[in-house]
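Contents: one structure, followed by commentary.
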Amino acid sequence: MIILVCLSVFSGDPTRAVVCGFCSGLFYDLSAAVPVGVMSLLLTVGSFALVHSAVGQTGGTPSARGVTVGAFALVINVIYSIILLFMGLETSFVVAIFGHALPSSILTGLVAIQFLMSGVVPQSGYGFSARGGRQTGMRFKPKTRKLK
C-alpha cells in the first residue's frame with residue numbers, strides 16, 4: 001500500500017495522492033487484524049505531507065525516488081508500530097520497531113525497486129475516456145456576461 005501511495009504522490013496530483021492514501025490505508029486496515037482507521041489516517045496524512053515535500057521529484061531519477069519511498073516507508077511503519085504498542089497490540093518496543101517496522105520497511109523498499117526502475121509512474125490527467133488522451137477544456141460552455 002505504501003508503494004501505491006508513493007507512486008500516486010509522484011504523479012504530481014495532490015488530490016489523487018490523498019485519496020489513494022486514504023483508500024490504500026482503509027484497504028490495509030480491513031485486510032489485517034488491526035484497528036480500522038490507523039493506517040488510513042497515517043497514509044492520508046503522510047501522502048499529503050509527501051506530496052508537498054516531493055514536488056520536484058515527479059520527473060526525478062529512480063534513485064532519488066527510491067530514497068523517498070524508503071524514508072516514507074520507514075517513518076510510516078515506525079509511527080504505526082508505536083501506535084500499535086500504545087494500543088497494546090505489540091508486546092514491547094523492541095519487537096514493535098525491530099520485529100515489525102524495520103523488516104516491513106526493508107521489504108517495502110525491495111519491492112519498490114521493481115516499480116521505480118521500470119518507470120511506472122501514473123500520469124496526472126490520463127484516465128478512462130473515449131478520446132484517449134489528456135482531458136482539456138470543459139464539458140459545458142461557461143456562461144458569459146453580455147456587455148452593455
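By convention in this document, the chains of the C-alpha cells carry letters A, B, ... by their order, each chain's residues are numbered from 1, and ligands are numbered from 1 in the order they are shown.
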
If we count only C-alpha atoms and set the cut-off at 10 Å, which residues sit around A:Phe98, ignoring sequence neighbours fewer than 6 positions away in its own chain? Please answer as a compact mmCIF listing (two decimals) with N, CA, C and O atoms, in the first residue's frame.
# COMPACT_ATOMS: atom_id res chain seq x y z
N VAL A 78 7.31 3.00 11.49
CA VAL A 78 7.70 3.26 12.88
C VAL A 78 6.54 3.89 13.65
O VAL A 78 6.23 3.48 14.78
N SER A 81 3.92 1.23 14.26
CA SER A 81 4.32 0.29 15.31
C SER A 81 4.19 0.90 16.70
O SER A 81 3.79 0.23 17.65
N SER A 104 9.40 -4.54 7.72
CA SER A 104 8.38 -4.09 6.77
C SER A 104 8.92 -3.01 5.85
O SER A 104 8.63 -3.00 4.65

**Study point:** Contact residues around A:Leu43 with only C-alpha atoms at 9 Å, ignoring same-chain residues under 5 positions, as a list in words
**Key:** Met1, Ile2, Val5, Val18, Cys20, Gly21, Phe22, Cys23, Ser24, Gly25, Val38, Phe48 and Ile76 of chain A

Find the spatial neighbours of A:Thr68, counting only C-alpha atoms, within a cut-off of 10 Å - ignore same-chain residues fewer than 3 positions away - and output them as a PDB file with N, CA, C and O atoms, in the first residue's frame.
ATOM      1  N   CYS A   6       3.075   6.073  -2.772  1.00  0.00           N
ATOM      2  CA  CYS A   6       4.234   6.819  -3.273  1.00  0.00           C
ATOM      3  C   CYS A   6       4.158   7.030  -4.775  1.00  0.00           C
ATOM      4  O   CYS A   6       4.507   8.102  -5.282  1.00  0.00           O
ATOM      5  N   LEU A  50       3.919  14.185   1.978  1.00  0.00           N
ATOM      6  CA  LEU A  50       4.894  13.792   0.963  1.00  0.00           C
ATOM      7  C   LEU A  50       4.650  14.496  -0.362  1.00  0.00           C
ATOM      8  O   LEU A  50       5.602  14.831  -1.062  1.00  0.00           O
ATOM      9  N   SER A  53       6.223  17.837  -0.045  1.00  0.00           N
ATOM     10  CA  SER A  53       7.680  17.851   0.120  1.00  0.00           C
ATOM     11  C   SER A  53       8.403  17.280  -1.093  1.00  0.00           C
ATOM     12  O   SER A  53       9.578  17.564  -1.293  1.00  0.00           O
ATOM     13  N   ALA A  54       7.727  16.479  -1.909  1.00  0.00           N
ATOM     14  CA  ALA A  54       8.356  15.863  -3.082  1.00  0.00           C
ATOM     15  C   ALA A  54       7.844  16.479  -4.372  1.00  0.00           C
ATOM     16  O   ALA A  54       7.650  15.795  -5.361  1.00  0.00           O
ATOM     17  N   GLN A  57      10.089  15.964  -7.565  1.00  0.00           N
ATOM     18  CA  GLN A  57      10.525  14.620  -7.902  1.00  0.00           C
ATOM     19  C   GLN A  57       9.601  13.906  -8.867  1.00  0.00           C
ATOM     20  O   GLN A  57       9.738  12.704  -9.071  1.00  0.00           O
ATOM     21  N   PRO A  62      15.197   7.521 -10.599  1.00  0.00           N
ATOM     22  CA  PRO A  62      14.663   6.422  -9.775  1.00  0.00           C
ATOM     23  C   PRO A  62      15.373   6.290  -8.431  1.00  0.00           C
ATOM     24  O   PRO A  62      14.748   5.902  -7.447  1.00  0.00           O
ATOM     25  N   SER A  63      16.645   6.637  -8.359  1.00  0.00           N
ATOM     26  CA  SER A  63      17.343   6.518  -7.075  1.00  0.00           C
ATOM     27  C   SER A  63      16.846   7.554  -6.071  1.00  0.00           C
ATOM     28  O   SER A  63      16.704   7.260  -4.889  1.00  0.00           O
ATOM     29  N   ALA A  64      16.568   8.775  -6.540  1.00  0.00           N
ATOM     30  CA  ALA A  64      16.033   9.801  -5.637  1.00  0.00           C
ATOM     31  C   ALA A  64      14.638   9.432  -5.161  1.00  0.00           C
ATOM     32  O   ALA A  64      14.300   9.614  -3.994  1.00  0.00           O
ATOM     33  N   ARG A  65      13.842   8.892  -6.062  1.00  0.00           N
ATOM     34  CA  ARG A  65      12.507   8.449  -5.661  1.00  0.00           C
ATOM     35  C   ARG A  65      12.590   7.236  -4.746  1.00  0.00           C
ATOM     36  O   ARG A  65      11.762   7.073  -3.855  1.00  0.00           O
ATOM     37  N   ALA A  71      12.413   6.217   2.924  1.00  0.00           N
ATOM     38  CA  ALA A  71      12.242   7.069   4.102  1.00  0.00           C
ATOM     39  C   ALA A  71      10.766   7.151   4.502  1.00  0.00           C
ATOM     40  O   ALA A  71      10.426   7.090   5.691  1.00  0.00           O
ATOM     41  N   PHE A  72       9.889   7.275   3.510  1.00  0.00           N
ATOM     42  CA  PHE A  72       8.452   7.345   3.786  1.00  0.00           C
ATOM     43  C   PHE A  72       7.972   6.041   4.423  1.00  0.00           C
ATOM     44  O   PHE A  72       7.208   6.059   5.399  1.00  0.00           O
ATOM     45  N   ALA A  73       8.420   4.905   3.894  1.00  0.00           N
ATOM     46  CA  ALA A  73       8.019   3.613   4.444  1.00  0.00           C
ATOM     47  C   ALA A  73       8.515   3.447   5.873  1.00  0.00           C
ATOM     48  O   ALA A  73       7.786   2.959   6.742  1.00  0.00           O
ATOM     49  N   LEU A  74       9.742   3.865   6.132  1.00  0.00           N
ATOM     50  CA  LEU A  74      10.293   3.743   7.482  1.00  0.00           C
ATOM     51  C   LEU A  74       9.529   4.608   8.476  1.00  0.00           C
ATOM     52  O   LEU A  74       9.160   4.151   9.563  1.00  0.00           O
ATOM     53  N   GLY A 109      10.899  -1.400   0.569  1.00  0.00           N
ATOM     54  CA  GLY A 109      11.932  -0.818  -0.276  1.00  0.00           C
ATOM     55  C   GLY A 109      12.399  -1.762  -1.363  1.00  0.00           C
ATOM     56  O   GLY A 109      12.618  -1.356  -2.510  1.00  0.00           O
TER      57      GLY A 109
END

Point to revise | Nearest to A:Ser11, chosen from A:Leu85, A:Val51, A:Leu116, A:Leu30, with only C-alpha atoms counted in the distances | key: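 With only C-alpha atoms as the atom set, the closest residue is A:Val51.
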
Point to revise | Pairwise distance for atom CA of A:Phe27 and atom CA of A:His52, rounded to one decimal in Å | key: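 Distance between the two atoms: 23.8 Å.
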
**Study point:** Proximity to A:Ile83 - best of A:Leu26, A:Leu107, A:Gly12, A:Pro35, only C-alpha atoms
**Key:**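 Among the listed residues, the smallest separation from A:Ile83 belongs to A:Pro35.
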
Point to revise | Which residue of A:Leu7, A:Val94, A:Leu42, A:Val67 approaches A:Tyr28 most closely, using only C-alpha atoms | key: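 Among A:Leu7, A:Val94, A:Leu42, A:Val67, it is A:Leu42 that comes nearest to A:Tyr28.
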
Check your understanding: So how far away is atom CA of A:Ile82 from atom CA of A:Leu41, in Å?
Key ->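 Here the two named atoms are 14.2 Å from each other.
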